[in-house]
Each structure stands twice: as C-alpha cells, then as structure tokens.
>>> print(open('run-v5.cif').read())   # mmCIF, C-alpha atoms and all ligand atoms
data_entry
loop_
_atom_site.label_atom_id
_atom_site.label_comp_id
_atom_site.auth_asym_id
_atom_site.auth_seq_id
_atom_site.Cartn_x
_atom_site.Cartn_y
_atom_site.Cartn_z
CA MET A 1 121.42 111.03 65.97
CA GLN A 2 121.12 112.92 69.17
CA SER A 3 117.87 114.68 69.91
CA SER A 4 117.21 117.19 72.62
CA TYR A 5 114.00 118.62 73.90
CA VAL A 6 113.93 122.31 74.65
CA TRP A 7 112.37 123.36 77.89
CA LEU A 8 110.45 126.58 77.56
CA THR A 9 108.83 128.45 80.37
CA LEU A 10 106.73 131.35 79.27
CA LEU A 11 104.45 133.13 81.73
CA GLY A 12 103.66 129.80 83.32
CA ALA A 13 102.36 128.41 80.06
CA SER A 14 103.07 124.83 79.34
CA LEU A 15 104.95 124.52 76.14
CA CYS A 16 106.00 121.26 74.72
CA ALA A 17 109.43 120.63 73.42
CA ALA A 18 110.49 120.58 69.89
CA CYS A 19 113.33 118.31 69.03
CA LEU A 20 116.50 120.20 68.25
CA LEU A 21 119.98 118.89 67.72
CA GLY A 22 122.31 118.75 70.67
CA CYS A 23 121.01 121.48 72.94
CA ALA A 24 120.07 121.34 76.57
CA ALA A 25 117.49 123.90 77.57
CA VAL A 26 118.02 126.11 80.59
CA ALA A 27 115.23 126.87 83.05
CA PRO A 28 114.67 130.23 84.77
CA SER A 29 115.43 128.51 88.09
CA GLY A 30 118.83 127.40 86.78
CA GLY A 31 117.79 123.77 86.18
CA ASN A 32 117.72 122.11 82.80
CA ILE A 33 116.59 119.04 80.92
CA ASN A 34 117.76 117.28 77.79
CA ALA A 35 117.11 114.05 75.95
CA GLN A 36 119.20 111.43 74.22
CA PRO A 37 118.35 108.17 72.50
CA PHE A 38 118.47 105.20 74.91
CA GLY A 39 117.89 102.39 72.39
CA LYS A 40 114.93 100.53 70.94
CA THR A 41 112.43 97.96 72.20
CA LYS A 42 112.26 94.50 70.57
CA GLU A 43 109.46 95.87 68.36
CA GLY A 44 111.80 98.66 67.20
CA THR A 45 110.16 101.53 69.11
CA PRO A 46 112.75 104.20 69.95
CA VAL A 47 113.22 105.06 73.61
CA ASP A 48 114.76 108.29 74.94
CA ILE A 49 116.48 109.05 78.20
CA PHE A 50 115.89 112.46 79.78
CA THR A 51 118.40 114.11 82.08
CA LEU A 52 116.83 116.52 84.57
CA ARG A 53 119.16 118.75 86.61
CA ASN A 54 118.25 121.31 89.23
CA LYS A 55 120.27 124.35 90.26
CA ASN A 56 121.88 122.37 93.13
CA GLY A 57 123.37 119.88 90.70
CA VAL A 58 120.96 117.08 91.65
CA GLU A 59 120.39 114.94 88.56
CA ALA A 60 117.69 112.43 87.62
CA ARG A 61 117.87 110.35 84.43
CA ILE A 62 114.50 108.95 83.38
CA CYS A 63 113.61 106.96 80.28
CA ASN A 64 110.21 106.70 78.64
CA TYR A 65 110.31 102.89 78.63
CA GLY A 66 108.41 102.17 81.86
CA GLY A 67 109.08 105.73 83.06
CA ILE A 68 112.14 104.23 84.73
CA VAL A 69 114.36 106.35 86.99
CA VAL A 70 117.66 105.03 85.65
CA SER A 71 119.89 107.11 87.92
CA LEU A 72 119.47 109.71 90.64
CA LYS A 73 122.50 111.65 91.86
CA VAL A 74 122.19 113.42 95.20
CA PRO A 75 124.80 114.91 97.59
CA ASP A 76 126.10 113.38 100.80
CA ARG A 77 126.89 115.52 103.87
CA ASN A 78 130.17 116.65 102.22
CA GLY A 79 128.50 117.58 98.96
CA GLN A 80 129.74 114.43 97.22
CA MET A 81 127.23 113.42 94.51
CA SER A 82 126.40 109.72 94.07
CA ASP A 83 123.79 107.73 92.27
CA VAL A 84 121.47 106.29 94.96
CA VAL A 85 119.25 103.99 92.87
CA LEU A 86 119.71 100.48 91.48
CA GLY A 87 119.24 99.66 87.81
CA TYR A 88 121.12 99.07 84.60
CA ASP A 89 123.33 101.05 82.24
CA LYS A 90 121.50 99.76 79.15
CA LEU A 91 117.88 99.62 78.01
CA ASP A 92 118.33 96.03 76.80
CA ASP A 93 119.06 94.89 80.34
CA TYR A 94 115.83 96.47 81.62
CA ILE A 95 113.94 94.72 78.82
CA LYS A 96 115.63 91.35 79.45
CA SER A 97 115.01 91.02 83.18
CA SER A 98 114.19 93.56 85.83
CA PRO A 99 112.55 93.20 89.24
CA TYR A 100 110.73 96.48 88.50
CA PHE A 101 113.86 98.64 88.93
CA GLY A 102 112.87 102.33 89.12
CA CYS A 103 109.65 102.02 87.12
CA LEU A 104 106.12 103.32 87.09
CA VAL A 105 103.76 100.55 88.26
CA GLY A 106 100.20 100.03 87.04
CA ARG A 107 97.38 99.45 86.38
CA TYR A 108 97.44 97.83 89.82
CA GLY A 109 100.52 98.12 92.05
CA ASN A 110 101.20 95.06 94.20
CA ARG A 111 99.05 91.92 94.36
CA ILE A 112 95.49 90.95 93.48
CA ALA A 113 94.63 87.56 94.98
CA LYS A 114 94.43 84.74 92.45
CA GLY A 115 94.30 87.37 89.68
CA LYS A 116 90.53 87.82 90.11
CA PHE A 117 88.19 90.55 91.24
CA THR A 118 84.51 91.42 90.89
CA LEU A 119 83.29 94.86 89.90
CA ASN A 120 79.60 95.71 89.34
CA GLY A 121 78.84 91.98 89.37
CA ASN A 122 81.33 91.18 86.59
CA VAL A 123 84.24 88.87 87.36
CA TYR A 124 87.56 90.02 85.84
CA THR A 125 90.40 87.56 85.36
CA LEU A 126 93.99 88.75 85.23
CA ALA A 127 97.17 86.84 84.43
CA THR A 128 98.79 85.32 87.51
CA ASN A 129 102.47 86.28 87.35
CA ASN A 130 103.48 85.83 91.00
CA GLY A 131 102.67 82.38 92.34
CA PRO A 132 98.87 82.20 92.52
CA ASN A 133 98.49 86.01 92.35
CA ALA A 134 98.63 88.93 89.91
CA LEU A 135 101.47 91.39 90.63
CA HIS A 136 102.17 94.96 89.46
CA GLY A 137 99.71 95.16 86.57
CA GLY A 138 100.38 91.82 84.90
CA ILE A 139 102.68 90.30 82.32
CA LYS A 140 103.08 93.58 80.45
CA GLY A 141 102.36 96.26 83.02
CA PHE A 142 103.02 99.99 82.77
CA ASP A 143 106.69 99.25 83.58
CA LYS A 144 107.14 97.54 80.19
CA VAL A 145 105.44 99.98 77.81
CA VAL A 146 106.80 103.00 75.99
CA TRP A 147 105.22 106.21 77.28
CA GLU A 148 104.75 109.29 75.10
CA ALA A 149 107.18 111.88 76.45
CA LYS A 150 106.93 115.65 76.46
CA VAL A 151 109.08 118.25 78.21
CA LEU A 152 106.90 120.78 80.00
CA GLY A 153 107.44 124.33 81.15
CA SER A 154 107.19 124.60 84.92
CA HIS A 155 108.33 126.97 87.62
CA ASP A 156 108.99 124.11 90.05
CA GLY A 157 111.97 122.71 88.14
CA PRO A 158 112.70 120.57 85.08
CA THR A 159 109.53 118.60 84.23
CA LEU A 160 108.95 115.52 82.12
CA GLN A 161 105.43 114.45 81.20
CA LEU A 162 104.75 110.82 80.28
CA ARG A 163 101.42 109.61 78.89
CA TYR A 164 100.02 106.17 78.21
CA LEU A 165 96.66 104.89 77.06
CA SER A 166 95.92 101.47 78.54
CA LYS A 167 93.26 99.95 76.32
CA ASP A 168 90.01 98.40 77.52
CA GLY A 169 90.82 94.76 78.37
CA GLU A 170 94.59 95.23 78.53
CA GLU A 171 95.97 92.67 80.99
CA GLY A 172 92.34 91.87 81.80
CA TYR A 173 91.37 95.26 83.25
CA PRO A 174 88.16 97.00 82.14
CA GLY A 175 88.02 100.47 80.56
CA ASN A 176 90.29 102.61 78.43
CA LEU A 177 92.53 104.20 81.06
CA SER A 178 94.34 107.36 80.04
CA VAL A 179 97.29 107.91 82.39
CA THR A 180 99.61 110.89 82.80
CA ALA A 181 102.72 110.73 84.97
CA VAL A 182 104.63 113.98 85.46
CA TYR A 183 108.11 113.90 86.97
CA THR A 184 109.52 117.20 88.32
CA LEU A 185 112.95 117.67 89.87
CA THR A 186 112.21 120.37 92.41
CA GLU A 187 114.52 123.08 93.70
CA ASP A 188 114.42 121.55 97.20
CA ASN A 189 115.92 118.31 95.85
CA GLY A 190 112.68 116.37 95.51
CA LEU A 191 111.82 114.03 92.69
CA LYS A 192 108.07 114.61 92.46
CA LEU A 193 105.70 112.34 90.57
CA ASP A 194 102.15 113.52 89.85
CA TYR A 195 99.82 110.91 88.44
CA THR A 196 96.39 111.56 86.95
CA ALA A 197 94.14 109.08 85.16
CA THR A 198 90.68 108.93 83.65
CA THR A 199 88.58 106.04 82.37
CA ASP A 200 85.58 105.47 80.10
CA LYS A 201 84.27 102.46 82.14
CA ASP A 202 84.34 101.61 85.84
CA THR A 203 87.75 100.14 86.63
CA VAL A 204 90.30 99.71 89.42
CA VAL A 205 93.53 101.77 89.59
CA ASN A 206 96.50 101.70 91.95
CA LEU A 207 99.62 103.38 90.58
CA THR A 208 102.98 103.63 92.32
CA GLN A 209 106.72 104.03 91.79
CA HIS A 210 109.26 101.24 92.26
CA THR A 211 112.70 102.79 92.72
CA TYR A 212 115.24 100.65 94.60
CA PHE A 213 117.29 102.92 96.88
CA ASN A 214 120.65 102.43 98.54
CA LEU A 215 121.72 105.77 100.03
CA ALA A 216 125.30 104.55 100.63
CA GLN A 217 125.54 103.14 97.09
CA LYS A 218 127.15 99.90 98.28
CA GLY A 219 126.46 96.80 100.37
CA ASP A 220 123.22 95.98 102.10
CA ILE A 221 120.73 98.47 103.52
CA LEU A 222 120.50 97.01 107.03
CA ASN A 223 122.16 100.05 108.65
CA HIS A 224 119.80 102.53 107.02
CA VAL A 225 117.55 104.01 109.71
CA VAL A 226 113.84 104.13 108.92
CA MET A 227 110.84 106.00 110.32
CA ILE A 228 107.39 105.11 108.98
CA ASN A 229 104.49 107.32 109.96
CA ALA A 230 102.02 104.49 110.67
CA ASP A 231 100.35 102.96 113.72
CA LYS A 232 99.11 99.93 111.77
CA PHE A 233 100.06 97.63 108.93
CA THR A 234 98.22 95.05 106.83
CA PRO A 235 99.43 91.54 107.73
CA VAL A 236 99.56 89.03 104.88
CA ASP A 237 99.16 85.32 104.23
CA SER A 238 102.01 83.16 102.95
CA THR A 239 101.41 84.43 99.36
CA LEU A 240 101.66 88.07 100.54
CA ILE A 241 97.94 88.82 100.23
CA PRO A 242 96.51 90.96 103.08
CA THR A 243 94.28 89.04 105.48
CA GLY A 244 92.06 92.13 105.86
CA GLU A 245 93.25 92.89 109.39
CA LEU A 246 94.71 96.32 110.20
CA ARG A 247 97.17 95.27 112.91
CA PRO A 248 98.72 97.73 115.38
CA VAL A 249 102.52 97.92 114.94
CA GLU A 250 102.93 98.37 118.72
CA GLY A 251 105.18 95.67 120.15
CA THR A 252 106.04 94.19 116.72
CA PRO A 253 109.10 94.44 114.42
CA PHE A 254 106.83 96.58 112.21
CA ASP A 255 106.91 99.51 114.62
CA PHE A 256 109.00 102.17 112.83
CA ARG A 257 107.34 105.13 114.53
CA LYS A 258 110.70 105.83 116.18
CA PRO A 259 113.66 105.77 113.76
CA THR A 260 115.09 102.22 113.78
CA ALA A 261 117.78 100.48 111.71
CA ILE A 262 116.26 98.18 109.09
CA GLY A 263 118.48 95.35 110.32
CA ALA A 264 117.60 95.72 114.00
CA ARG A 265 114.66 93.28 113.92
CA ILE A 266 114.48 91.98 110.34
CA ASN A 267 115.67 88.48 111.28
CA GLN A 268 113.42 88.07 114.30
CA ASP A 269 111.36 84.92 114.63
CA ASP A 270 108.13 86.51 113.40
CA GLU A 271 105.58 84.88 111.10
CA GLN A 272 105.01 88.08 109.07
CA LEU A 273 108.75 88.58 108.50
CA LYS A 274 109.01 84.95 107.42
CA PHE A 275 106.21 85.36 104.88
CA GLY A 276 107.97 88.38 103.37
CA ASN A 277 111.50 87.00 103.83
CA GLY A 278 112.00 90.39 105.48
CA TYR A 279 109.88 93.51 105.17
CA ASP A 280 107.50 93.35 102.21
CA HIS A 281 104.34 94.82 103.69
CA ASN A 282 101.92 97.69 103.43
CA TRP A 283 101.75 100.24 106.26
CA VAL A 284 98.53 102.17 106.98
CA LEU A 285 99.67 105.78 107.02
CA ASN A 286 98.67 108.16 109.83
CA LYS A 287 97.27 110.91 107.68
CA PRO A 288 94.12 111.83 105.83
CA MET A 289 93.89 110.14 102.44
CA GLY A 290 94.34 112.51 99.51
CA GLN A 291 96.36 114.96 101.57
CA LEU A 292 100.08 115.23 100.88
CA GLY A 293 102.02 114.27 104.00
CA LEU A 294 105.12 112.52 105.29
CA ALA A 295 105.01 108.74 104.94
CA ALA A 296 108.60 107.82 105.81
CA ARG A 297 112.07 109.12 106.47
CA VAL A 298 115.23 107.09 105.82
CA SER A 299 118.72 108.16 106.86
CA GLU A 300 122.06 106.57 106.13
CA PRO A 301 124.59 107.21 108.92
CA THR A 302 127.88 106.95 106.98
CA THR A 303 126.96 109.40 104.20
CA GLY A 304 124.40 111.51 106.08
CA ARG A 305 121.96 111.17 103.18
CA VAL A 306 118.30 111.47 104.14
CA LEU A 307 115.33 110.46 102.01
CA GLU A 308 111.83 111.65 102.90
CA VAL A 309 108.84 110.07 101.20
CA LEU A 310 105.71 112.19 100.90
CA THR A 311 102.45 111.03 99.43
CA THR A 312 98.73 111.59 99.06
CA GLU A 313 98.15 107.80 99.18
CA PRO A 314 96.77 105.93 102.22
CA GLY A 315 99.43 103.17 102.27
CA LEU A 316 103.14 102.54 101.88
CA GLN A 317 104.74 99.29 100.73
CA PHE A 318 108.15 99.01 102.36
CA TYR A 319 110.16 96.27 100.63
CA THR A 320 113.73 95.40 101.63
CA GLY A 321 115.01 93.78 98.44
CA ASN A 322 114.41 90.27 99.78
CA PHE A 323 114.19 88.80 96.30
CA LEU A 324 117.55 90.20 95.14
CA ASP A 325 119.80 87.15 95.08
CA GLY A 326 123.05 87.96 93.28
CA THR A 327 121.80 86.94 89.83
CA LEU A 328 121.51 90.47 88.37
CA LYS A 329 124.54 92.55 87.42
CA GLY A 330 123.65 96.22 87.48
CA LYS A 331 125.19 99.61 86.80
CA GLY A 332 128.97 99.72 86.89
CA GLY A 333 129.13 95.93 87.36
CA TRP A 334 127.54 95.89 90.86
CA VAL A 335 126.04 92.45 91.41
CA TYR A 336 122.85 93.02 93.37
CA GLN A 337 122.77 90.80 96.44
CA PHE A 338 120.11 90.04 99.05
CA ARG A 339 118.84 93.29 100.64
CA ASN A 340 121.16 95.60 98.70
CA ALA A 341 118.25 98.08 98.34
CA PHE A 342 114.87 99.06 99.69
CA CYS A 343 111.72 100.37 97.99
CA MET A 344 109.16 102.79 99.39
CA GLU A 345 106.03 102.45 97.28
CA PRO A 346 103.16 104.78 98.23
CA GLN A 347 99.90 103.13 97.17
CA HIS A 348 96.45 101.88 98.08
CA TYR A 349 96.53 98.63 100.02
CA PRO A 350 97.33 95.43 98.11
CA ASP A 351 94.34 93.38 96.94
CA SER A 352 91.91 96.24 97.68
CA PRO A 353 89.49 95.14 94.89
CA ASN A 354 88.80 92.04 97.03
CA HIS A 355 88.57 93.94 100.34
CA PRO A 356 85.52 96.25 100.43
CA GLU A 357 86.67 97.35 103.92
CA PHE A 358 89.86 98.93 102.46
CA PRO A 359 89.85 102.44 100.86
CA SER A 360 88.32 102.07 97.41
CA VAL A 361 90.44 101.80 94.26
CA VAL A 362 87.46 102.08 91.90
CA LEU A 363 87.67 104.82 89.27
CA LYS A 364 84.50 105.83 87.43
CA PRO A 365 84.06 107.77 84.18
CA GLY A 366 83.96 111.53 84.79
CA LYS A 367 86.25 111.28 87.84
CA THR A 368 90.01 111.91 87.85
CA TYR A 369 92.40 109.65 89.73
CA LYS A 370 95.17 111.68 91.40
CA ASN A 371 98.25 110.60 93.27
CA THR A 372 101.38 112.54 94.21
CA ILE A 373 104.61 110.94 95.40
CA ILE A 374 107.73 112.90 96.40
CA TYR A 375 111.16 111.44 97.13
CA ARG A 376 112.97 114.37 98.78
CA PHE A 377 116.65 114.39 99.65
CA SER A 378 118.65 116.24 102.28
CA THR A 379 121.56 115.47 104.60
CA SER A 380 122.15 115.25 108.33
CA LYS A 381 125.35 115.71 110.39
C1 LIG B 1 106.54 93.59 96.17
C2 LIG B 1 107.54 92.47 96.32
C3 LIG B 1 108.12 92.18 94.98
C4 LIG B 1 108.79 93.44 94.50
C5 LIG B 1 109.42 93.28 93.15
C6 LIG B 1 107.28 94.78 95.69
O1 LIG B 1 106.38 95.82 95.50
O2 LIG B 1 105.85 93.84 97.35
O3 LIG B 1 106.93 91.30 96.85
O4 LIG B 1 109.03 91.13 95.02
O5 LIG B 1 107.85 94.46 94.45
O6 LIG B 1 108.55 92.76 92.27
#
>>> encode(input="run-v5.cif", output="structure tokens")
Amino acid sequence: MQSSYVWLTLLGASLCAACLLGCAAVAPSGGNINAQPFGKTKEGTPVDIFTLRNKNGVEARICNYGGIVVSLKVPDRNGQMSDVVLGYDKLDDYIKSSPYFGCLVGRYGNRIAKGKFTLNGNVYTLATNNGPNALHGGIKGFDKVVWEAKVLGSHDGPTLQLRYLSKDGEEGYPGNLSVTAVYTLTEDNGLKLDYTATTDKDTVVNLTQHTYFNLAQKGDILNHVVMINADKFTPVDSTLIPTGELRPVEGTPFDFRKPTAIGARINQDDEQLKFGNGYDHNWVLNKPMGQLGLAARVSEPTTGRVLEVLTTEPGLQFYTGNFLDGTLKGKGGWVYQFRNAFCMEPQHYPDSPNHPEFPSVVLKPGKTYKNTIIYRFSTSK
C-alpha cells in the first residue's frame, strides 16, 4: 500500500502530515514532498522513503532508516539533472553493508580513542568497531535506527522532521538523548539539516552527516577541485586519532585555502596522507563556532557542478573514499571503487572527549545542542 504525507503550510504553523493514499502535497513555493514504503528492517519495522522536490526540480530522496539521503538530483551547467550521491537502490542493501552511505551519524561522529572517555570522574566504555577505536556512534549508531518521521510545514521548502530517542546507556553513552534532525530542501538548491538534541544527564554529542558525493556521477573524484576554509588541521596517529596538535596547513598537502584538485597532492610522500590512505582528516574551520559560515566549496570541471558546505560546527572531516575498494555494488550497478566519492562531514573534532583543549562536546541537562549543515548546489561556466 502506498502512503503519502501531506505537506500543509498554514500561516507558518507547523502541521504534521496525515497519511493519505497516493497524493503528493504541493507547497506554496512550488516544491512538494511525498512518501512511499521503502521496505522493512529485520525486526519488521516499516521504513518510508520521502521525496522532496523544490520549484527548480532539485530532488532529494531520504529514508527514515538512518535518515539516509538515498539520492540527490541536481543540475549541471546545461540543466541536466543527475544523482550526485552514492548509495543503494534497496533498503536491504543499506542494512546488509554500508560504509555509512548518506546517513545521519551519532551519538558521536568519527573516532573516540580506544572506545573510552571520562566524564565527571566516571569512565565510559564504548564498543570498539574500528580497530582499537569507537567510530560513528558504535555498533548500532544513529545510522542504523528507524527515526520517527513527520512532514512539516515550512516556508523554506519541503521539510522532513526525523526524531530519535537514544536511551541512557545505548552504545555505552550516558543520558537519554532526544534528537531531532530536520531536512529542508531550500529554494536556493540547498539540502539543509538542522539538528537539535537534549539530554537528562551530562553526556557527549557530536552529530554529522555522511553523504558520499561524486558531482560527475562516474569515476574517481581526483579532478574535483576543493577549497576548505581552514588554516589548520588536526593531525592523527596511525589509528586516525588526533594527536592534539592544531597544525598549520601552510606548506602541506592539506592546504586547500586556494582551490586545488583533490588528486594534485593526494599521493605525495606524506606521513599524514599515509595514515589516512588519502585525505581522512579534520580541518579547523576559520570561523566563529556556532555561527553559520562557509566550510568548503567543491567544483567539478566537466559538469560545472558546485557544492558549497556551510556549517555552524568548528570542524570539517574531509574523507576521500579511501576505504571504497570495489566490493560494493551500488545504485544502477555502479561498483564503487577506490576514491569514487568524497564526504564533507561538519563536526566537532574527533576524540574531543579525550582532548580537553578541543572545543567541548559535553551536553548538560537544560541545554540544547544545535548544529546546522547545508549542502548547497550551483553551477559554474
Ligand atoms: C571516517 C573514515 C571512515 C568513513 C566511513 C569517515 O568519517 O573518517 O575513516 O572510513 O567515515 O566509515
């Protein structure tokens, strides 16, 4: 049975969708959103996929399993629409094996050394799911849970709200964490993600988004040209845990202050590049924390597609798909090879709970965690 959620906008009020048969709701701005079943989890929980379209014909398909961006169609310089993200056609494939394609990441994005941290004198032990370290929230992170979905009224564009309650002790983290992730497809071709979270006990939080982009929709991403708005990055040890140093990018292959092709220096004889098998590092953004600003710009010369990443977060993990190895067959039969995509993950710095000198990731009861990420698309000549 096909269900659809009606999008209602009434004097700015937020109205949730009722499920009606087979209708896509139209927004005042000309955008729309609808929902269809996407399958079931192993436990039998139904999952829906939501199609958000703006008035320019840009389309994002997002499912409420992991809040995954399953496809994102944006124009090239000739107006030709293509899907610019990696992933699968079917829910089962995401459930079977996914290197975090397109998902929401939490409760802690990136690594916590040896899966341990101390908060208020208590030692918390997490599962180690990445060599000696904990990665992306654990064995069953926010990427592998079913979020409660609601279509919201909004003047910015079609809006999907996802909510999840992460229970006290889940994956070893303290406190009941109530998380809301709101995706909006804006009229200026941005996919905006607004996170908020509250807790009932002191805890640590670091949420991000893990879409794998390829703006040409084929081959590797080495010719994509990247600018990252950062004078420093956080070097890592051989297990990709920051050493604590904030190292100037000046004179290193990590200097993306001027637009540079990803492939220009990626194979240089550099210890940091060897540890990451390419770029897999956190950059320290040149902007006040909490203020929305430009983190990175990526352009693809053959199609003219441009992606701008804006964030309120202090860091940006730039990852060049170094662990893709030709073992996963994705949408339309594309076998994902080494460096066929890149991720831009705005975040706090990896392993912050063990680095008091890094911006704090502690959330206390009565406070609201907030984080906005925008992936905005345009074209160049
Ligand atoms: C990490 C990589 C990891 C990838 C997929 C990125 O955020 O930095 O090391 O392989 O996610 O899990």
>>> residues_around(input="run-v5.cif", residues="Phe142 (chain A)", least_positions_apart="2", cutoff="10 Å", atoms="all atoms listed in the file", output="list in words")
Tyr65, Gly66, Gly67, Cys103, Leu104, Val105, Gly106, Arg107, Tyr108, Gly109, His136, Gly137, Gly138, Ile139, Lys140, Lys144, Val145, Val146, Trp147, Tyr164, Leu165, Ser166, Val179 and Leu207 of chain A
>>> residues_near_ligand(input="run-v5.cif", ligand="ligand LIG 1 (chain B)", cutoff="7 Å", atoms="only C-alpha atoms and all ligand atoms", output="list of chain:residue names")
A:Pro99, A:Tyr100, A:Asn110, A:His210, A:Asp280, A:His281, A:Gln317, A:Tyr319, A:Phe323, A:Glu345
>>> atom_distance(input="run-v5.cif", atom1="CA of Asp48 (chain A)", atom2="CA of Glu171 (chain A)")
25.2 Å
>>> atom_distance(input="run-v5.cif", atom1="CA of Asp325 (chain A)", atom2="CA of Asn267 (chain A)")
16.8 Å
>>> residues_near_point(input="run-v5.cif", point="(119.6, 90.4, 87.1)", cutoff="7 Å", atoms="all atoms listed in the file", output="PDB file with C-alpha atoms, in the frame of the given file")
ATOM      1  CA  SER A  97     115.010  91.020  83.180  1.00  0.00           C
ATOM      2  CA  SER A  98     114.190  93.560  85.830  1.00  0.00           C
ATOM      3  CA  THR A 327     121.800  86.940  89.830  1.00  0.00           C
ATOM      4  CA  LEU A 328     121.510  90.470  88.370  1.00  0.00           C
ATOM      5  CA  LYS A 329     124.540  92.550  87.420  1.00  0.00           C
TER       6      LYS A 329
END
>>> atom_distance(input="run-v5.cif", atom1="CA of Arg163 (chain A)", atom2="CA of Thr203 (chain A)")
18.3 Å
>>> closest_residue(input="run-v5.cif", among="A:Ala296, A:Ile112, A:Leu363, A:Val123", to="Pro350 (chain A)", atoms="all atoms listed in the file")
A:Ile112
>>> residues_around(input="run-v5.cif", residues="Lys201 (chain A)", least_positions_apart="4", cutoff="8 Å", atoms="all atoms listed in the file", output="JSON, numbers by chain")
{"A": [174, 175, 176, 364, 365]}
>>> closest_residue(input="run-v5.cif", among="A:Cys63, A:Leu52, A:Ala216, A:Val236", to="Pro37 (chain A)", atoms="all atoms listed in the file")
A:Cys63
>>> residues_around(input="run-v5.cif", residues="Gly321 (chain A)", least_positions_apart="2", cutoff="9 Å", atoms="all atoms listed in the file", output="ChimeraX atom specification")
/A:212,221,278-280,319,323-325,337-343
>>> residues_around(input="run-v5.cif", residues="Glu250 (chain A)", least_positions_apart="6", cutoff="12 Å", atoms="all atoms listed in the file", output="list in words")
Ala230, Asp231, Lys232, Phe233, Phe256, Arg257 and Lys258 of chain A
>>> closest_residue(input="run-v5.cif", among="A:Lys42, A:Lys287, A:Arg77, A:Lys381", to="Ile95 (chain A)", atoms="all atoms listed in the file")
A:Lys42
>>> axis_aligned_box(input="run-v5.cif", around="region 330-342 of chain A", padding_each_side="3 Å", output="AutoDock Vina command-line options")
--center_x 122.0 --center_y 94.9 --center_z 93.7 --size_x 20.3 --size_y 15.7 --size_z 19.8
>>> decode(input="run-v5.cif", residues="region 266-281 of chain A", atoms="N, CA, C and O atoms", output="tab-separated table (two decimals), in the first residue's frame")
chain	number	residue	atom	x	y	z
A	266	ILE	N	47.42	14.14	-3.43
A	266	ILE	CA	46.94	13.06	-2.55
A	266	ILE	C	47.92	11.89	-2.44
A	266	ILE	O	47.93	11.18	-1.43
A	267	ASN	N	48.76	11.71	-3.45
A	267	ASN	CA	49.71	10.58	-3.40
A	267	ASN	C	51.12	11.01	-3.00
A	267	ASN	O	52.06	10.24	-3.16
A	268	GLN	N	51.24	12.21	-2.45
A	268	GLN	CA	52.56	12.66	-2.02
A	268	GLN	C	53.08	11.80	-0.87
A	268	GLN	O	52.30	11.19	-0.13
A	269	ASP	N	54.40	11.81	-0.74
A	269	ASP	CA	55.03	11.05	0.33
A	269	ASP	C	54.90	11.86	1.63
A	269	ASP	O	55.77	12.66	1.97
A	270	ASP	N	53.79	11.68	2.31
A	270	ASP	CA	53.47	12.49	3.49
A	270	ASP	C	52.90	11.54	4.55
A	270	ASP	O	51.99	10.75	4.25
A	271	GLU	N	53.44	11.60	5.75
A	271	GLU	CA	53.03	10.65	6.79
A	271	GLU	C	51.52	10.71	7.05
A	271	GLU	O	50.85	9.68	7.18
A	272	GLN	N	50.96	11.94	7.10
A	272	GLN	CA	49.52	12.09	7.39
A	272	GLN	C	48.68	11.47	6.28
A	272	GLN	O	47.67	10.82	6.54
A	273	LEU	N	49.09	11.67	5.02
A	273	LEU	CA	48.33	11.06	3.91
A	273	LEU	C	48.44	9.54	3.96
A	273	LEU	O	47.49	8.83	3.63
A	274	LYS	N	49.58	9.06	4.42
A	274	LYS	CA	49.74	7.59	4.52
A	274	LYS	C	48.82	7.04	5.59
A	274	LYS	O	48.18	6.01	5.40
A	275	PHE	N	48.74	7.73	6.74
A	275	PHE	CA	47.86	7.25	7.81
A	275	PHE	C	46.41	7.16	7.33
A	275	PHE	O	45.68	6.25	7.68
A	276	GLY	N	46.00	8.14	6.53
A	276	GLY	CA	44.60	8.17	6.08
A	276	GLY	C	44.39	7.42	4.78
A	276	GLY	O	43.25	7.30	4.33
A	277	ASN	N	45.49	6.95	4.16
A	277	ASN	CA	45.40	6.36	2.82
A	277	ASN	C	44.80	7.38	1.84
A	277	ASN	O	44.07	7.04	0.91
A	278	GLY	N	45.07	8.65	2.13
A	278	GLY	CA	44.48	9.76	1.37
A	278	GLY	C	44.01	10.77	2.39
A	278	GLY	O	44.48	10.79	3.54
A	279	TYR	N	43.08	11.62	2.02
A	279	TYR	CA	42.54	12.58	2.99
A	279	TYR	C	41.46	11.90	3.83
A	279	TYR	O	40.50	11.33	3.30
A	280	ASP	N	41.64	11.95	5.12
A	280	ASP	CA	40.65	11.44	6.08
A	280	ASP	C	40.93	12.16	7.39
A	280	ASP	O	41.32	11.55	8.38
A	281	HIS	N	40.78	13.48	7.36
A	281	HIS	CA	41.24	14.33	8.45
A	281	HIS	C	40.20	15.41	8.77
A	281	HIS	O	39.34	15.71	7.94
